Amino acid sequence: MSFLTSFFYKTLATASACYGNTPQGVMIAAASDPLWNNGAVCGKTFSVKCIGATNPFPHPCIDRKTITVKIVDHCPGCGGNLDLSKEAFALIANPVAGIIKIDYQEL
């Protein structure tokens, strides 16, 4: 497993860097520059688990649950982050937290 921080974004009916206008569901994520690797990460799946808070929001994690997300987009300038869809984020953490620490592993 590797450690990152995670944000969430609203999934909209907009094009993704990997799949254009073809919807990929809601269990999706955008890869930051270090993970992007010129798009080589497109379509890969990752297990993701919330491991703690990055800000004063207490106990954001939901029962250490692990989810699986598919990389569908690029998040340039996001640093070492995996940007989860709001739906995926909400399954592992309280969205009010905004940013969380995660463990992730490519499947």
# chains A, B, ... in the order shown; residues from 1 in each chain; ligands from 1
>>> residues_around(residues="Lys65 in chain A", least_positions_apart="3", cutoff="9 Å", atoms="only C-alpha atoms", output="number ranges by chain")
A: 48-50, 61-62, 91-93
>>> residues_around(residues="Cys18 in chain A", least_positions_apart="6", cutoff="6 Å", atoms="only C-alpha atoms", output="PyMOL selection string")
chain A and resi 42+72-73
>>> select_by_dssp(residues="chain A", states="strand (DSSP E)", output="VMD selection string")
chain A and resid 2 to 6 8 to 9 28 to 32 45 to 53 66 to 75 82 to 85 100 to 106
>>> select_by_dssp(residues="range 30-87 of chain A", states="helix (DSSP H, G or I)", output="count of residues only")
9
>>> atom_distance(atom1="CA of His59 in chain A", atom2="CA of Ala29 in chain A")
22.5 Å
>>> atom_distance(atom1="CA of Asp103 in chain A", atom2="CA of Asn21 in chain A")
29.4 Å
>>> closest_residue(among="A:Thr54, A:Gln105, A:Asn94, A:Asn37", to="Pro76 in chain A", atoms="only C-alpha atoms")
A:Asn37
>>> atom_distance(atom1="CA of Ala53 in chain A", atom2="CA of Pro34 in chain A")
21.9 Å
>>> closest_residue(among="A:Leu35, A:Ile51, A:Ala17, A:Met27", to="Gly79 in chain A", atoms="only C-alpha atoms")
A:Leu35
>>> residues_around(residues="range 80-82 of chain A", least_positions_apart="5", cutoff="12 Å", atoms="only C-alpha atoms", output="mmCIF file with C-alpha atoms, in the first residue's frame")
data_model
loop_
_atom_site.group_PDB
_atom_site.id
_atom_site.type_symbol
_atom_site.label_atom_id
_atom_site.label_comp_id
_atom_site.auth_asym_id
_atom_site.auth_seq_id
_atom_site.Cartn_x
_atom_site.Cartn_y
_atom_site.Cartn_z
ATOM 1 C CA SER A 2 1.011 3.585 -0.582
ATOM 2 C CA PHE A 3 -0.027 6.705 1.284
ATOM 3 C CA LEU A 4 -1.661 9.721 -0.362
ATOM 4 C CA THR A 5 -4.198 12.362 0.419
ATOM 5 C CA SER A 6 -7.533 12.381 -1.312
ATOM 6 C CA PHE A 7 -10.026 15.054 -2.270
ATOM 7 C CA PHE A 8 -13.348 14.549 -3.964
ATOM 8 C CA TYR A 9 -14.888 16.092 -7.021
ATOM 9 C CA ILE A 28 -14.016 6.595 -10.345
ATOM 10 C CA ALA A 29 -10.944 8.714 -9.640
ATOM 11 C CA ALA A 30 -8.560 11.171 -11.237
ATOM 12 C CA ALA A 31 -4.803 10.573 -10.993
ATOM 13 C CA SER A 32 -2.369 13.290 -9.958
ATOM 14 C CA ASP A 33 0.743 14.009 -12.007
ATOM 15 C CA PRO A 34 2.976 11.460 -10.189
ATOM 16 C CA LEU A 35 0.472 8.656 -10.923
ATOM 17 C CA TRP A 36 -0.655 9.822 -14.367
ATOM 18 C CA VAL A 41 -2.815 4.618 -15.523
ATOM 19 C CA THR A 45 -8.299 -0.024 -10.687
ATOM 20 C CA PHE A 46 -7.164 0.746 -7.178
ATOM 21 C CA SER A 47 -8.335 -0.308 -3.742
ATOM 22 C CA VAL A 48 -8.611 2.757 -1.505
ATOM 23 C CA LYS A 49 -9.067 3.013 2.261
ATOM 24 C CA CYS A 50 -9.393 6.090 4.486
ATOM 25 C CA VAL A 69 -12.132 2.875 -8.043
ATOM 26 C CA LYS A 70 -11.199 3.117 -11.704
ATOM 27 C CA ILE A 71 -8.879 5.844 -12.988
ATOM 28 C CA VAL A 72 -10.748 7.803 -15.657
ATOM 29 C CA ASP A 73 -9.185 11.234 -15.530
ATOM 30 C CA HIS A 74 -6.083 13.342 -14.901
ATOM 31 C CA CYS A 75 -5.823 15.857 -12.088
ATOM 32 C CA ALA A 88 -16.625 7.045 -3.848
ATOM 33 C CA PHE A 89 -15.283 9.453 -1.208
ATOM 34 C CA ILE A 99 -9.465 15.961 2.415
ATOM 35 C CA ILE A 100 -8.394 12.661 3.977
ATOM 36 C CA LYS A 101 -5.335 10.447 4.246
ATOM 37 C CA ILE A 102 -5.679 7.217 2.262
ATOM 38 C CA ASP A 103 -3.898 3.966 1.629
ATOM 39 C CA TYR A 104 -4.215 2.733 -1.924
ATOM 40 C CA GLN A 105 -3.041 -0.218 -3.947
ATOM 41 C CA GLU A 106 -3.279 -1.029 -7.614
#
>>> closest_residue(among="A:Asp63, A:Thr22, A:Thr68, A:Pro56", to="Val96 in chain A", atoms="only C-alpha atoms")
A:Pro56
